[in-house]
Every structure is written in C-alpha cells, then in structure tokens.
There are 2 protein chains.
Amino acid sequence: MRVGILAATAMLAACASAGAPEAGAQAQVRSLGEILEQSPASDWRTVDPENTVYMDLPAGRVIIELSATFTPEHTRNIRELVRAGWFNSANIVRSQENYVVQWGRDENDPGPMGAATATLTPEFSRPRRGLDVTRLRDPDSYAREVGFADGFPMASDGREAWMAHCPGMVGAGRGDTAESGSGAELYVVIGHAPRHLDRNIATIGRVVQGMELLSVMPRGTGALGFYETPQERTAIPRVRMASDVPANERVNLEALRTDSATFRDVIESRRFRRESWFLEPVGRINLCNVPLPVRVRP
Amino acid sequence: MRVGILAATAMLAACASAGAPEAGAQAQVRSLGEILEQSPASDWRTVDPENTVYMDLPAGRVIIELSATFTPEHTRNIRELVRAGWFNSANIVRSQENYVVQWGRDENDPGPMGAATATLTPEFSRPRRGLDVTRLRDPDSYAREVGFADGFPMASDGREAWMAHCPGMVGAGRGDTAESGSGAELYVVIGHAPRHLDRNIATIGRVVQGMELLSVMPRGTGALGFYETPQERTAIPRVRMASDVPANERVNLEALRTDSATFRDVIESRRFRRESWFLEPVGRINLCNVPLPVRVRP
C-alpha cells in the first residue's frame, strides 16, 4: 500500500488541468515544476560566491548564503572568521528537537579569528525603507507585513524589517547582551518557525543546500539540546568561502529572484493547490511555507 | 564559547523578575517550569491507554495519543489495526525534509487487519459546535479561529473544526479519493506546519513522547522522500495499544488539560517572553508554537 500525501517541494508530478470552462479566460494551471522550467533565465540570480559558505560535514556539504542586505556586518565578520579558519575543527554542539541545530568552537579551544571581532553591533533589524519587497497578502501571527526581499523571507512592522526565523534560516548565537553575537557560533532552524526569536537575535542567512544533513543530527540530551559528551558531537572538518574555492570546484547555484514574475507565480501555485490530490485548494499561505527555489546553473 | 539561544521547551531555567513597579498589581512573572510545578493536579488529565499507541522502534518507544473527539472512526480503526498486528513488522518508508516521516506496510505484504476496514468515511473536520475551545487571540495565516480542544491544536472556520497540522501531529495517509485513508499508513509532521494539508486529510492524533526518534530518520532520496531501497527503511518491531500492555509496564502519562487555568498561563508565558535573554518580549504567538506539556504521573 503506497498511499502518499503530496509534497511541499518542487518534485510534484501531479498537475490539475485547466480551470472550469465557465471561468472563460482562466489560464491553464501549471505545476510548480512547470513554472520553474518555463521561467526566463533573467528571473534567476547567481548566489554570490563572496556571500556563500561551504561547510563540509562527514556526510556531505552544507551551503549557506549570507545576506549582505539585512546583516552586512555579520556577513563581513563571518567571512573573516571563515577565512581565518575559525570554523575548521568546530563542532555541532547542539541539536534540539523542533528548534535548532547549533555549531561552534569549545570555550577552551578558541581558534584563530583573523580580522574578525568578538562582538558586533546588533543587526536584529534594518530600515524597511529601501527594500524591494514581494508581499504576502495572508495574515501572519507575528508581524504586520511579511514577504520576501533580496531572496530571504522577511517581516516588518512598517518601519523596521528583519529576516524571519523560517526553517533553514541561520542565525548568530548570542549571550545575554545584544552585542554578544558575532557569527562565531551559528544555529539553523530545524522545526516550526520560532518567530519569537525575530528581533531578538540576528538571522544572517539561510541554508541553500544540505539541510537534510543538519536536521537529522541526533538530538542532544542536555538542557536546550546541547550534547552532554564530546563523543556525541559531529566534527566539522572544513569551512570555506565559495569564492576561495577554485571556480571549477564550486557548486554554481542560482536562486529564483524573489522580485520576479516567476516567484509570484510560485507563491500563487502554493496558495491555491490545484493538484488533483487536493480536495480543498486552501487559498492561503504562511511565509515559511513558500519555497525558495535554488538550482545548479543550467 | 557557549552562546545559546533560549528554548521553546519546558526546560527553561531563566525567569525575569516582577513587572514594572508602575504596573501596580502586576503579578510576579513565573517561568514555564514554575507554572507547571505550581499547577493543581486537577489541571492534568490521564492520557487514556485505550487511545494510546506504543510504537517500539529499535532506538526506543514512540507514544501516540489518538483523538476520539476529532477522529473517532479513525481512532477505532487504528485500534483494530494495532490489535490485529497490522503494524508489527511495518516500516518507516518515507522521510521528507521539513515535511513528514511516514510508516506502513508493503503493498505485497498486506498483513492482518482484524476487524478494521480498508477505507473510512473521511474525518477531515467535525462540527465546531460542542467543542470546548481555548482560543488564541493572535492572527493565523490559515484559519479564522485557532486554539485548543481536548488536548489538541485546532482550527475552525466557525462552522467546522479540525486538528491542525502542527509538528508532532499524526495523520492518516490517503490516495486520491477522500475515503482512501484508513489509518493503515500513518505520517507525522516533522517540519514547519504544512497547514495546507488541513481539511485535505485526517490528522488523527499526536506524538506525546519520542518525536526525537522519528524526526532524525535519514531523509529518503526518492520522490517525496520515499526510501528507494528496502535497506534504507527502519523496521518497526512492535506496535501495541497501551491498554493491552500490563499496567506495571505502561508509561503513565498525564497531559496538561487545554481547558485549564494553568494552560492559559502557559500560553501567556510563551506569548510574552519575560526571560532576561529576551530583549523584545514579542507579545504574540502562533498556534504551533504553544507547548502542550506532558509528564509522567507524579
């Protein structure tokens, strides 16, 4: 018995046929896969190697895109930390169910920081002004406005804007003070979006490849999901900026532009579910349920 | 360096002190742990062994509570399937990133069904009338009303009500027709709530213990996260109703009543984050971010 439930991803095979005849001019319904296949090349952008981190785990490569738009100082600092070798021989130190996986270095093994600083001016939000936002029209539990800007999910109170804690988003751990985060310890969201962290900590980017390697880390049994013994940790052998990797060894990723017509079609195809499996088309969507398509450059 | 971010769970140690003096009568702020510790016994209910499934995996026990309130026919059918041995030697067949983990039997190894039926009248929703709902006041992306009834997260359009697809919720897989689900193949939500499944499929209960065993299943590389080879699957040696297990071998679980004053305090303690780590107290919450506390009977 292979009864399934449909997926939220780009792998959907099913696609409903055209709309009801009485709708007259209604366009044919396209699947998500078809929408992406038919997109013009100009609706995609190169994921900038200078903002891209390759984190090699024993099981494979995790690729993180940093946001120079929302967190320029963290992006700069993380770039410095990576280049100094800070994350080489760092460890996955925490895996908390339905929350976050976190990595960093031991207190007693601080590692090289190069030109990076140990504290940073907080970048929990930035001015809303100046952002080109593709807005979502459905209500959000946490913010007056939600949408996408420069490739990332964002929320706003009208004055300030911030990247939202959706699954796959990466943040910079901090201590009790706002300035105590630097990017030297990072976490990724692995469960239902903990949006109460928005504006309390800096999200600095997102995992664009390899989430399935991070999300299955055995949960830690200590408080907050920290591992209780060094043996439970996963060592991170090597972390590099993509721009420091020879061009012929890079993964040339492209991300769908979130200000493109194709992305607006993606949103609508997920808001209204026309696949034959769906008996109720929904007609609404939450910020963190919108896919952010990434592909290897064709 | 051990910079953390605070947790959404009951393990929080931190607790802010009393409110601003100018608030006058404002009560002292209690941590989630303190709220639970100080709760009266009458605010807890026994998780009914007749609605409780023990699913033993190689790594440990998963415990699922079925909802007789929302899905009485599925609850009855799953009980029959479990008693007939249907799930003994079933397998985890699917693990899709940020979506679901699913288990069932092979098409060519159907197994005993006892008095269970292979199809069921759909239970995608039930009348809102008759439910004792603890409402959430914050907006929801998918439904007019959200809250909790009889221990489960729910949503409603005012007329019908249904259990919402939050992480940890268990549903009954189905084929293309509404009647094709029976509880013979089950899935659990492991990622950001796929609320577009609400009203399209029957959620039948939730995992009350052992989510950390299911959510780390290696992701399948086939379409929709299905495993491509039998070797990738995890065998499920044994599944029983708790009521069929000798009383002295049971895990005697209690769940916080969702119609209790303590639960309303839990919601408010998560809506307004008073722990010292939080610089911005939020003041809002999403349905799926509200914890549903469960404990072993003291």
# chains A, B, ... in the order shown; residues from 1 in each chain; ligands from 1
>>> residues_around(residues="stretch 280-285 of chain A", least_positions_apart="2", cutoff="9 Å", atoms="only C-alpha atoms", output="ChimeraX atom specification")
/A:136-139,267-268,270-275,278,287-290 /B:141-143,195-200
>>> write_last_selection(atoms="N, CA and C atoms", output="PDB file, in the first residue's frame")
ATOM      1  N   LEU A 136       3.362  39.127   0.924  1.00  0.00           N
ATOM      2  CA  LEU A 136       2.325  38.094   1.009  1.00  0.00           C
ATOM      3  C   LEU A 136       1.071  38.762   1.533  1.00  0.00           C
ATOM      4  N   ARG A 137      -0.073  38.349   1.025  1.00  0.00           N
ATOM      5  CA  ARG A 137      -1.306  39.032   1.433  1.00  0.00           C
ATOM      6  C   ARG A 137      -1.994  38.377   2.623  1.00  0.00           C
ATOM      7  N   ASP A 138      -1.605  37.145   2.964  1.00  0.00           N
ATOM      8  CA  ASP A 138      -2.293  36.436   4.051  1.00  0.00           C
ATOM      9  C   ASP A 138      -1.766  36.876   5.417  1.00  0.00           C
ATOM     10  N   PRO A 139      -2.620  36.785   6.435  1.00  0.00           N
ATOM     11  CA  PRO A 139      -2.192  37.277   7.754  1.00  0.00           C
ATOM     12  C   PRO A 139      -1.058  36.439   8.349  1.00  0.00           C
ATOM     13  N   ILE A 267       4.418  31.556  -5.654  1.00  0.00           N
ATOM     14  CA  ILE A 267       3.599  31.824  -4.466  1.00  0.00           C
ATOM     15  C   ILE A 267       2.144  31.441  -4.734  1.00  0.00           C
ATOM     16  N   GLU A 268       1.599  31.894  -5.858  1.00  0.00           N
ATOM     17  CA  GLU A 268       0.181  31.612  -6.133  1.00  0.00           C
ATOM     18  C   GLU A 268      -0.068  30.121  -6.327  1.00  0.00           C
ATOM     19  N   ARG A 270       1.347  27.804  -4.760  1.00  0.00           N
ATOM     20  CA  ARG A 270       1.335  27.190  -3.429  1.00  0.00           C
ATOM     21  C   ARG A 270       0.166  27.708  -2.592  1.00  0.00           C
ATOM     22  N   ARG A 271      -0.317  28.889  -2.887  1.00  0.00           N
ATOM     23  CA  ARG A 271      -1.501  29.384  -2.161  1.00  0.00           C
ATOM     24  C   ARG A 271      -2.741  28.594  -2.575  1.00  0.00           C
ATOM     25  N   PHE A 272      -2.910  28.437  -3.871  1.00  0.00           N
ATOM     26  CA  PHE A 272      -4.046  27.678  -4.388  1.00  0.00           C
ATOM     27  C   PHE A 272      -3.539  26.343  -4.902  1.00  0.00           C
ATOM     28  N   ARG A 273      -3.938  25.265  -4.223  1.00  0.00           N
ATOM     29  CA  ARG A 273      -3.421  23.953  -4.586  1.00  0.00           C
ATOM     30  C   ARG A 273      -4.365  23.307  -5.576  1.00  0.00           C
ATOM     31  N   ARG A 274      -3.909  23.215  -6.822  1.00  0.00           N
ATOM     32  CA  ARG A 274      -4.751  22.707  -7.900  1.00  0.00           C
ATOM     33  C   ARG A 274      -4.465  21.254  -8.227  1.00  0.00           C
ATOM     34  N   GLU A 275      -3.436  20.661  -7.588  1.00  0.00           N
ATOM     35  CA  GLU A 275      -3.152  19.262  -7.893  1.00  0.00           C
ATOM     36  C   GLU A 275      -4.380  18.415  -7.566  1.00  0.00           C
ATOM     37  N   PHE A 278      -5.512  17.400  -3.996  1.00  0.00           N
ATOM     38  CA  PHE A 278      -6.120  18.362  -3.067  1.00  0.00           C
ATOM     39  C   PHE A 278      -7.619  18.478  -3.308  1.00  0.00           C
ATOM     40  N   LEU A 287       4.179  32.540   5.448  1.00  0.00           N
ATOM     41  CA  LEU A 287       5.501  32.957   4.975  1.00  0.00           C
ATOM     42  C   LEU A 287       6.476  31.791   4.839  1.00  0.00           C
ATOM     43  N   CYS A 288       6.557  30.958   5.879  1.00  0.00           N
ATOM     44  CA  CYS A 288       7.586  29.915   5.909  1.00  0.00           C
ATOM     45  C   CYS A 288       7.200  28.674   5.101  1.00  0.00           C
ATOM     46  N   ASN A 289       6.021  28.660   4.490  1.00  0.00           N
ATOM     47  CA  ASN A 289       5.648  27.547   3.616  1.00  0.00           C
ATOM     48  C   ASN A 289       5.879  27.862   2.140  1.00  0.00           C
ATOM     49  N   VAL A 290       6.391  29.048   1.851  1.00  0.00           N
ATOM     50  CA  VAL A 290       6.691  29.400   0.458  1.00  0.00           C
ATOM     51  C   VAL A 290       8.078  28.857   0.102  1.00  0.00           C
TER      52      VAL A 290
ATOM     53  N   SER B 141      -2.411  32.387   9.683  1.00  0.00           N
ATOM     54  CA  SER B 141      -2.371  32.529   8.227  1.00  0.00           C
ATOM     55  C   SER B 141      -3.456  31.713   7.540  1.00  0.00           C
ATOM     56  N   TYR B 142      -3.960  30.673   8.202  1.00  0.00           N
ATOM     57  CA  TYR B 142      -4.803  29.701   7.502  1.00  0.00           C
ATOM     58  C   TYR B 142      -6.257  29.640   7.948  1.00  0.00           C
ATOM     59  N   ALA B 143      -6.572  30.102   9.130  1.00  0.00           N
ATOM     60  CA  ALA B 143      -7.935  29.897   9.617  1.00  0.00           C
ATOM     61  C   ALA B 143      -8.437  31.093  10.408  1.00  0.00           C
ATOM     62  N   ARG B 195       0.147  23.464   6.940  1.00  0.00           N
ATOM     63  CA  ARG B 195      -1.275  23.673   7.245  1.00  0.00           C
ATOM     64  C   ARG B 195      -2.169  23.570   6.000  1.00  0.00           C
ATOM     65  N   HIS B 196      -1.542  23.573   4.811  1.00  0.00           N
ATOM     66  CA  HIS B 196      -2.329  23.351   3.596  1.00  0.00           C
ATOM     67  C   HIS B 196      -2.883  21.934   3.542  1.00  0.00           C
ATOM     68  N   LEU B 197      -2.386  21.053   4.388  1.00  0.00           N
ATOM     69  CA  LEU B 197      -2.962  19.702   4.473  1.00  0.00           C
ATOM     70  C   LEU B 197      -4.237  19.686   5.322  1.00  0.00           C
ATOM     71  N   ASP B 198      -4.423  20.691   6.164  1.00  0.00           N
ATOM     72  CA  ASP B 198      -5.644  20.767   6.981  1.00  0.00           C
ATOM     73  C   ASP B 198      -6.865  20.662   6.065  1.00  0.00           C
ATOM     74  N   ARG B 199      -7.821  19.865   6.474  1.00  0.00           N
ATOM     75  CA  ARG B 199      -9.083  19.680   5.730  1.00  0.00           C
ATOM     76  C   ARG B 199      -8.900  18.907   4.430  1.00  0.00           C
ATOM     77  N   ASN B 200      -7.650  18.529   4.121  1.00  0.00           N
ATOM     78  CA  ASN B 200      -7.427  17.691   2.945  1.00  0.00           C
ATOM     79  C   ASN B 200      -7.152  16.248   3.333  1.00  0.00           C
TER      80      ASN B 200
END
>>> residues_around(residues="B:Arg206", least_positions_apart="5", cutoff="7 Å", atoms="only C-alpha atoms", output="PyMOL selection string")
chain B and resi 64-66+168-170
>>> interface_residues(of="chain A", to="chain B", cutoff="7 Å", atoms="only C-alpha atoms", output="ChimeraX atom specification")
/A:1-5,7,11,97,105-107,138-142,167,173-176,190-193,196,199-200,212,215-219,223-224,277-280,282,284-286
>>> atom_distance(atom1="atom CA of A:Ala242", atom2="atom CA of A:Thr46")
12.3 Å
>>> atom_distance(atom1="atom CA of B:Leu292", atom2="atom CA of B:Thr69")
17.0 Å
>>> select_by_dssp(residues="stretch 250-297 of chain B", states="helix (DSSP H, G or I)", output="list in words")
Ala261, Thr262, Phe263, Arg264, Asp265, Val266, Ile267, Glu268, Ser269, Arg270, Arg271, Leu287, Cys288 and Asn289 of chain B
>>> atom_distance(atom1="atom CA of A:Pro122", atom2="atom CA of A:Glu179")
5.5 Å
>>> residues_around(residues="A:Arg45", least_positions_apart="5", cutoff="9 Å", atoms="only C-alpha atoms", output="list in words")
Leu253, Glu254, Ala255, Leu256 and Arg257 of chain A
>>> write_last_selection(atoms="N, CA, C and O atoms", output="PDB file, in the first residue's frame")
ATOM      1  N   LEU A 253      25.394  27.756  -7.896  1.00  0.00           N
ATOM      2  CA  LEU A 253      23.972  27.811  -7.580  1.00  0.00           C
ATOM      3  C   LEU A 253      23.332  29.099  -8.080  1.00  0.00           C
ATOM      4  O   LEU A 253      23.949  30.172  -8.058  1.00  0.00           O
ATOM      5  N   GLU A 254      22.093  28.942  -8.510  1.00  0.00           N
ATOM      6  CA  GLU A 254      21.260  30.086  -8.835  1.00  0.00           C
ATOM      7  C   GLU A 254      20.018  30.033  -7.958  1.00  0.00           C
ATOM      8  O   GLU A 254      19.476  28.958  -7.694  1.00  0.00           O
ATOM      9  N   ALA A 255      19.562  31.177  -7.528  1.00  0.00           N
ATOM     10  CA  ALA A 255      18.331  31.263  -6.734  1.00  0.00           C
ATOM     11  C   ALA A 255      17.301  32.043  -7.535  1.00  0.00           C
ATOM     12  O   ALA A 255      17.647  33.009  -8.231  1.00  0.00           O
ATOM     13  N   LEU A 256      16.066  31.611  -7.420  1.00  0.00           N
ATOM     14  CA  LEU A 256      14.990  32.344  -8.097  1.00  0.00           C
ATOM     15  C   LEU A 256      14.880  33.727  -7.455  1.00  0.00           C
ATOM     16  O   LEU A 256      14.807  33.852  -6.230  1.00  0.00           O
ATOM     17  N   ARG A 257      14.886  34.759  -8.286  1.00  0.00           N
ATOM     18  CA  ARG A 257      14.765  36.123  -7.756  1.00  0.00           C
ATOM     19  C   ARG A 257      13.402  36.289  -7.107  1.00  0.00           C
ATOM     20  O   ARG A 257      12.369  35.986  -7.710  1.00  0.00           O
TER      21      ARG A 257
END
>>> residues_around(residues="B:Arg144", least_positions_apart="5", cutoff="10 Å", atoms="only C-alpha atoms", output="ChimeraX atom specification")
/B:139,155-158
>>> write_last_selection(atoms="C-alpha atoms", output="PDB file, in the first residue's frame")
ATOM      1  CA  PRO B 139      -3.966  36.026  13.800  1.00  0.00           C
ATOM      2  CA  ALA B 155      -8.527  25.472  13.663  1.00  0.00           C
ATOM      3  CA  SER B 156     -12.005  26.413  12.602  1.00  0.00           C
ATOM      4  CA  ASP B 157     -13.954  28.400  10.030  1.00  0.00           C
ATOM      5  CA  GLY B 158     -16.709  28.946  12.578  1.00  0.00           C
TER       6      GLY B 158
END
>>> residues_around(residues="B:Met154", least_positions_apart="4", cutoff="6 Å", atoms="only C-alpha atoms", output="PDB file with N, CA and C atoms, in the first residue's frame")
ATOM      1  N   VAL B 146      -8.212  29.813  15.766  1.00  0.00           N
ATOM      2  CA  VAL B 146      -7.333  28.718  16.170  1.00  0.00           C
ATOM      3  C   VAL B 146      -7.298  28.638  17.690  1.00  0.00           C
ATOM      4  N   GLY B 147      -6.983  27.471  18.188  1.00  0.00           N
ATOM      5  CA  GLY B 147      -6.930  27.269  19.624  1.00  0.00           C
ATOM      6  C   GLY B 147      -6.714  25.801  19.942  1.00  0.00           C
ATOM      7  N   PHE B 148      -7.248  25.393  21.070  1.00  0.00           N
ATOM      8  CA  PHE B 148      -7.019  24.029  21.539  1.00  0.00           C
ATOM      9  C   PHE B 148      -8.326  23.449  22.058  1.00  0.00           C
ATOM     10  N   TRP B 162     -11.120  21.352  12.911  1.00  0.00           N
ATOM     11  CA  TRP B 162     -10.218  20.259  12.567  1.00  0.00           C
ATOM     12  C   TRP B 162      -8.921  20.407  13.351  1.00  0.00           C
ATOM     13  N   MET B 163      -8.255  19.280  13.558  1.00  0.00           N
ATOM     14  CA  MET B 163      -6.938  19.324  14.200  1.00  0.00           C
ATOM     15  C   MET B 163      -5.932  19.852  13.177  1.00  0.00           C
ATOM     16  N   ALA B 164      -5.085  20.768  13.631  1.00  0.00           N
ATOM     17  CA  ALA B 164      -4.145  21.442  12.733  1.00  0.00           C
ATOM     18  C   ALA B 164      -2.860  20.643  12.586  1.00  0.00           C
TER      19      ALA B 164
END
>>> residues_around(residues="stretch 128-133 of chain A", least_positions_apart="5", cutoff="6 Å", atoms="only C-alpha atoms", output="list in words")
Phe148, Ala149, Arg159, Glu160 and Ala161 of chain A
>>> write_last_selection(atoms="N, CA and C atoms", output="JSON list (two decimals), in the first residue's frame")
[["chain", "number", "residue", "atom", "x", "y", "z"],
["A", 148, "PHE", "N", 9.13, 38.83, 0.97],
["A", 148, "PHE", "CA", 10.48, 38.42, 0.60],
["A", 148, "PHE", "C", 11.24, 39.62, 0.05],
["A", 149, "ALA", "N", 12.52, 39.69, 0.42],
["A", 149, "ALA", "CA", 13.36, 40.76, -0.09],
["A", 149, "ALA", "C", 14.76, 40.21, -0.32],
["A", 159, "ARG", "N", 8.25, 50.06, 9.84],
["A", 159, "ARG", "CA", 9.41, 50.95, 9.98],
["A", 159, "ARG", "C", 10.70, 50.15, 9.86],
["A", 160, "GLU", "N", 10.79, 49.07, 10.66],
["A", 160, "GLU", "CA", 11.94, 48.18, 10.61],
["A", 160, "GLU", "C", 11.57, 46.89, 9.88],
["A", 161, "ALA", "N", 12.58, 46.21, 9.35],
["A", 161, "ALA", "CA", 12.37, 44.92, 8.69],
["A", 161, "ALA", "C", 13.46, 43.97, 9.15]]
>>> select_by_dssp(residues="stretch 151-192 of chain A", states="strand (DSSP E)", output="PyMOL selection string")
chain A and resi 152-156+160-163+169-172+186-189
>>> write_last_selection(atoms="N, CA and C atoms", output="compact mmCIF listing (two decimals), in the first residue's frame")
# COMPACT_ATOMS: atom_id res chain seq x y z
N PHE A 152 15.31 36.49 0.67
CA PHE A 152 15.09 35.97 2.02
C PHE A 152 13.68 36.29 2.52
N PRO A 153 13.12 35.40 3.37
CA PRO A 153 11.82 35.69 3.97
C PRO A 153 11.99 36.79 5.01
N MET A 154 11.09 37.73 5.01
CA MET A 154 11.24 38.87 5.92
C MET A 154 9.90 39.28 6.54
N ALA A 155 10.00 40.00 7.62
CA ALA A 155 8.82 40.55 8.28
C ALA A 155 9.13 42.00 8.62
N SER A 156 8.06 42.76 8.84
CA SER A 156 8.25 44.18 9.10
C SER A 156 7.11 44.73 9.94
N GLU A 160 10.79 49.07 10.66
CA GLU A 160 11.94 48.18 10.61
C GLU A 160 11.57 46.89 9.88
N ALA A 161 12.58 46.21 9.35
CA ALA A 161 12.37 44.92 8.69
C ALA A 161 13.46 43.97 9.15
N TRP A 162 13.15 42.66 9.14
CA TRP A 162 14.12 41.67 9.59
C TRP A 162 13.87 40.35 8.88
N MET A 163 14.92 39.55 8.76
CA MET A 163 14.75 38.22 8.20
C MET A 163 14.05 37.35 9.24
N MET A 169 16.73 28.91 8.06
CA MET A 169 17.39 30.19 8.31
C MET A 169 18.50 29.98 9.34
N VAL A 170 19.59 30.72 9.13
CA VAL A 170 20.75 30.61 10.01
C VAL A 170 20.88 31.89 10.83
N GLY A 171 21.17 31.74 12.12
CA GLY A 171 21.32 32.90 12.99
C GLY A 171 22.65 32.85 13.73
N ALA A 172 22.98 34.00 14.31
CA ALA A 172 24.24 34.13 15.07
C ALA A 172 23.92 34.08 16.56
N LEU A 186 26.94 29.60 15.28
CA LEU A 186 25.79 29.73 14.40
C LEU A 186 24.77 28.64 14.69
N TYR A 187 23.52 28.91 14.38
CA TYR A 187 22.46 27.90 14.51
C TYR A 187 21.58 27.94 13.28
N VAL A 188 20.92 26.82 13.02
CA VAL A 188 19.97 26.76 11.91
C VAL A 188 18.63 26.26 12.47
N VAL A 189 17.55 26.85 11.98
CA VAL A 189 16.20 26.46 12.42
C VAL A 189 15.84 25.13 11.75
>>> residues_around(residues="B:Glu50", least_positions_apart="6", cutoff="12 Å", atoms="only C-alpha atoms", output="PDB file with C-alpha atoms, in the first residue's frame")
ATOM      1  CA  ILE B  64       0.941   8.491  20.121  1.00  0.00           C
ATOM      2  CA  GLU B  65      -2.327   9.799  21.535  1.00  0.00           C
ATOM      3  CA  LEU B  66      -5.326   9.323  19.238  1.00  0.00           C
ATOM      4  CA  SER B  67      -8.191  11.794  19.325  1.00  0.00           C
ATOM      5  CA  ALA B  68     -11.606  10.256  19.908  1.00  0.00           C
ATOM      6  CA  THR B  75      -9.279   6.003  16.326  1.00  0.00           C
ATOM      7  CA  ARG B  76     -11.466   2.903  16.332  1.00  0.00           C
ATOM      8  CA  ILE B  78      -6.357   2.175  14.168  1.00  0.00           C
ATOM      9  CA  ARG B  79      -7.086   0.416  17.458  1.00  0.00           C
ATOM     10  CA  GLU B  80      -8.327  -2.587  15.466  1.00  0.00           C
ATOM     11  CA  VAL B  82      -2.912  -2.357  16.095  1.00  0.00           C
ATOM     12  CA  ARG B  83      -4.679  -5.244  17.867  1.00  0.00           C
ATOM     13  CA  ARG B 240       0.570  -2.100  20.809  1.00  0.00           C
ATOM     14  CA  MET B 241      -2.308  -0.261  22.405  1.00  0.00           C
ATOM     15  CA  ALA B 242      -1.209   0.923  25.858  1.00  0.00           C
ATOM     16  CA  SER B 243      -4.350  -0.683  27.290  1.00  0.00           C
ATOM     17  CA  ASP B 244      -3.093  -4.091  26.101  1.00  0.00           C
ATOM     18  CA  VAL B 245       0.200  -3.687  27.946  1.00  0.00           C
ATOM     19  CA  ARG B 250       2.970   1.199  30.946  1.00  0.00           C
TER      20      ARG B 250
END
>>> closest_residue(among="A:Gly60, A:Pro291, A:Pro127, A:Gly151", to="A:Asp259", atoms="only C-alpha atoms")
A:Gly151
>>> closest_residue(among="B:Gly205, B:Pro246, B:Pro58, B:Pro72", to="B:Arg233", atoms="only C-alpha atoms")
B:Pro58
>>> decode(residues="stretch 32-101 of chain B", atoms="C-alpha atoms", output="compact mmCIF listing (two decimals), in the first residue's frame")
# COMPACT_ATOMS: atom_id res chain seq x y z
CA LEU B 32 7.16 27.90 32.32
CA GLY B 33 8.71 25.34 34.66
CA GLU B 34 7.36 27.18 37.69
CA ILE B 35 3.89 27.43 36.17
CA LEU B 36 3.82 23.67 35.66
CA GLU B 37 5.29 22.89 39.08
CA GLN B 38 2.67 25.04 40.80
CA SER B 39 -0.27 23.62 38.85
CA PRO B 40 -3.02 21.76 40.70
CA ALA B 41 -3.34 18.03 39.95
CA SER B 42 -6.83 18.68 38.62
CA ASP B 43 -5.36 20.64 35.68
CA TRP B 44 -3.86 17.40 34.34
CA ARG B 45 -5.64 14.51 32.68
CA THR B 46 -4.57 10.90 32.24
CA VAL B 47 -3.71 10.09 28.64
CA ASP B 48 -6.29 7.32 28.10
CA PRO B 49 -4.49 3.99 27.48
CA GLU B 50 -7.34 2.96 25.19
CA ASN B 51 -6.42 5.89 22.90
CA THR B 52 -2.67 5.46 23.27
CA VAL B 53 -0.38 3.66 20.84
CA TYR B 54 3.09 2.40 21.79
CA MET B 55 5.24 2.12 18.69
CA ASP B 56 8.54 0.46 19.51
CA LEU B 57 11.44 1.40 17.26
CA PRO B 58 14.97 -0.01 17.52
CA ALA B 59 16.01 3.28 19.18
CA GLY B 60 13.15 3.43 21.67
CA ARG B 61 9.45 3.94 22.17
CA VAL B 62 7.23 6.43 20.37
CA ILE B 63 3.90 7.15 22.09
CA ILE B 64 0.94 8.49 20.12
CA GLU B 65 -2.33 9.80 21.53
CA LEU B 66 -5.33 9.32 19.24
CA SER B 67 -8.19 11.79 19.33
CA ALA B 68 -11.61 10.26 19.91
CA THR B 69 -13.03 13.79 19.83
CA PHE B 70 -11.93 14.75 16.32
CA THR B 71 -11.50 11.41 14.59
CA PRO B 72 -13.50 8.70 16.39
CA GLU B 73 -13.72 6.38 13.37
CA HIS B 74 -10.00 6.53 12.65
CA THR B 75 -9.28 6.00 16.33
CA ARG B 76 -11.47 2.90 16.33
CA ASN B 77 -9.96 1.60 13.11
CA ILE B 78 -6.36 2.18 14.17
CA ARG B 79 -7.09 0.42 17.46
CA GLU B 80 -8.33 -2.59 15.47
CA LEU B 81 -5.31 -2.48 13.16
CA VAL B 82 -2.91 -2.36 16.10
CA ARG B 83 -4.68 -5.24 17.87
CA ALA B 84 -4.67 -7.34 14.71
CA GLY B 85 -0.89 -6.88 14.44
CA TRP B 86 -1.03 -4.82 11.25
CA PHE B 87 1.85 -2.58 12.28
CA ASN B 88 4.10 -5.34 13.62
CA SER B 89 6.94 -5.55 11.06
CA ALA B 90 5.74 -2.41 9.28
CA ASN B 91 8.46 0.02 8.17
CA ILE B 92 9.37 3.67 8.10
CA VAL B 93 9.01 4.14 4.35
CA ARG B 94 9.40 7.88 3.91
CA SER B 95 11.34 10.77 5.45
CA GLN B 96 10.96 14.08 3.65
CA GLU B 97 12.92 17.12 4.78
CA ASN B 98 10.87 19.77 6.57
CA TYR B 99 7.68 17.80 5.95
CA VAL B 100 6.75 14.30 7.15
CA VAL B 101 8.02 10.88 8.23
